[in-house]
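A quick write-up on the structure given underneath.
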Amino acid sequence: MPKQHTVKKGETLYQIADQHGFYWETLWDLPDNGQLFDERDGPNALKEGDKISIPDPQTVVHDCKTERKHTFQKK
């Protein structure tokens with residue numbers, strides 16, 4: 001279930017997204033946040049008291065062969 005984050009003075013969307021393990025674009029593009037971000041000029045234009053919806057993290061599973069080395073890189 002998505003959480004709500006209340007913006008504190010001086011916070012940016014970059015900081016909030018990083019704190020919750022997301023890229024800022026993920027939160028910016030989230031339909032639940034659409035109305036708020038339509039009212040703002042950019043990710044640094046948040047105001048104290050704004051409410052931002054934070055989605056649940058998603059688990060990604062990769063099938064890999066055993067006995068081999070695999071390298072994963074998080075975007």
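Ordering of the structure tokens sets the chain letters (A, B, ...); residue numbers start at 1 within each chain; ligands are numbered from 1 in the order shown.
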Practice item. Would you mind listing what lies within 10 Å of Asp56 in chain A as JSON, numbers by chain, with only C-alpha atoms counted and same-chain residues fewer than 2 positions away left out? Key: {"A": [1, 2, 3, 20, 53, 54, 58, 59]}
Go ahead and save the residues from that selection, with all heavy atoms, as an mmCIF file, in the first residue's frame.
```cif
data_model
loop_
_atom_site.group_PDB
_atom_site.id
_atom_site.type_symbol
_atom_site.label_atom_id
_atom_site.label_comp_id
_atom_site.auth_asym_id
_atom_site.auth_seq_id
_atom_site.Cartn_x
_atom_site.Cartn_y
_atom_site.Cartn_z
ATOM 1 N N MET A 1 0.845 -1.176 0.000
ATOM 2 C CA MET A 1 0.000 0.000 0.000
ATOM 3 C C MET A 1 0.892 1.241 0.000
ATOM 4 O O MET A 1 1.792 1.355 0.826
ATOM 5 C CB MET A 1 -0.897 -0.028 1.240
ATOM 6 C CG MET A 1 -1.733 1.206 1.396
ATOM 7 S SD MET A 1 -2.673 1.187 2.905
ATOM 8 C CE MET A 1 -4.266 0.864 2.250
ATOM 9 N N PRO A 2 0.666 2.170 -0.919
ATOM 10 C CA PRO A 2 1.502 3.377 -0.989
ATOM 11 C C PRO A 2 1.453 4.193 0.298
ATOM 12 O O PRO A 2 0.453 4.193 1.009
ATOM 13 C CB PRO A 2 0.884 4.167 -2.145
ATOM 14 C CG PRO A 2 0.124 3.165 -2.943
ATOM 15 C CD PRO A 2 -0.329 2.126 -1.972
ATOM 16 N N LYS A 3 2.571 4.861 0.582
ATOM 17 C CA LYS A 3 2.674 5.726 1.773
ATOM 18 C C LYS A 3 2.575 7.172 1.337
ATOM 19 O O LYS A 3 2.774 7.491 0.174
ATOM 20 C CB LYS A 3 4.018 5.526 2.470
ATOM 21 C CG LYS A 3 4.282 4.129 2.959
ATOM 22 C CD LYS A 3 5.609 4.070 3.670
ATOM 23 C CE LYS A 3 6.680 3.688 2.658
ATOM 24 N NZ LYS A 3 7.976 3.458 3.233
ATOM 25 N N HIS A 20 13.653 6.901 -0.019
ATOM 26 C CA HIS A 20 12.730 5.772 -0.111
ATOM 27 C C HIS A 20 13.160 4.740 -1.154
ATOM 28 O O HIS A 20 12.426 3.793 -1.444
ATOM 29 C CB HIS A 20 11.317 6.279 -0.423
ATOM 30 C CG HIS A 20 10.721 7.058 0.700
ATOM 31 N ND1 HIS A 20 10.130 6.471 1.795
ATOM 32 C CD2 HIS A 20 10.650 8.389 0.921
ATOM 33 C CE1 HIS A 20 9.700 7.401 2.627
ATOM 34 N NE2 HIS A 20 10.027 8.585 2.115
ATOM 35 N N SER A 53 2.916 10.874 -2.678
ATOM 36 C CA SER A 53 2.638 9.446 -2.579
ATOM 37 C C SER A 53 3.917 8.673 -2.908
ATOM 38 O O SER A 53 4.596 8.955 -3.897
ATOM 39 C CB SER A 53 1.527 9.071 -3.554
ATOM 40 O OG SER A 53 1.183 7.719 -3.400
ATOM 41 N N ILE A 54 4.248 7.707 -2.064
ATOM 42 C CA ILE A 54 5.433 6.861 -2.239
ATOM 43 C C ILE A 54 4.936 5.437 -2.506
ATOM 44 O O ILE A 54 4.275 4.841 -1.655
ATOM 45 C CB ILE A 54 6.330 6.850 -0.980
ATOM 46 C CG1 ILE A 54 6.652 8.268 -0.512
ATOM 47 C CG2 ILE A 54 7.573 6.016 -1.203
ATOM 48 C CD1 ILE A 54 7.550 9.056 -1.418
ATOM 49 N N GLN A 58 9.114 -2.685 -5.501
ATOM 50 C CA GLN A 58 8.839 -3.885 -6.291
ATOM 51 C C GLN A 58 10.040 -4.823 -6.229
ATOM 52 O O GLN A 58 11.179 -4.372 -6.272
ATOM 53 C CB GLN A 58 8.568 -3.519 -7.740
ATOM 54 C CG GLN A 58 7.338 -2.663 -7.906
ATOM 55 C CD GLN A 58 7.126 -2.269 -9.358
ATOM 56 O OE1 GLN A 58 7.894 -2.619 -10.250
ATOM 57 N NE2 GLN A 58 6.065 -1.529 -9.599
ATOM 58 N N THR A 59 9.758 -6.102 -6.153
ATOM 59 C CA THR A 59 10.801 -7.108 -6.132
ATOM 60 C C THR A 59 11.019 -7.611 -7.556
ATOM 61 O O THR A 59 10.059 -7.884 -8.274
ATOM 62 C CB THR A 59 10.406 -8.291 -5.229
ATOM 63 O OG1 THR A 59 10.157 -7.800 -3.922
ATOM 64 C CG2 THR A 59 11.507 -9.332 -5.174
#
```
Fewer than 2 positions away in the same chain doesn't count, so skip those; otherwise give me all residues within 9 Å of Glu48 in chain A, counting only C-alpha atoms, as a CSV table (one decimal) with C-alpha atoms, in the first residue's frame.
```csv
chain,number,residue,atom,x,y,z
A,6,THR,CA,4.8,15.2,4.0
A,7,VAL,CA,7.5,17.5,2.6
A,8,LYS,CA,9.6,19.3,5.3
A,9,LYS,CA,11.1,22.7,4.8
A,10,GLY,CA,14.1,22.5,2.4
A,11,GLU,CA,13.4,19.0,1.1
A,46,LEU,CA,8.1,21.6,-3.5
A,50,ASP,CA,3.0,19.1,0.3
A,51,LYS,CA,2.0,15.4,0.3
```
Practice item. Just give me the gap between CA of Gly34 in chain A and CA of Ile16 in chain A in Å, one decimal is fine. Key: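 Atom-to-atom, CA of Gly34 in chain A and CA of Ile16 in chain A are spaced 16.3 Å apart.
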Check your understanding: Of the residues A:Glu25, A:Glu67, A:Asp18, A:Lys74, which is the one nearest to Phe37 in chain A, using only C-alpha atoms?
Key ->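 The shortest atom-to-atom distance to Phe37 in chain A comes from A:Glu25.
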Practice item. Per DSSP on the backbone, filter chain A down to the residues in strand (DSSP E) and report them as a PyMOL selection string. Key: chain A and resi 3-6+51-54
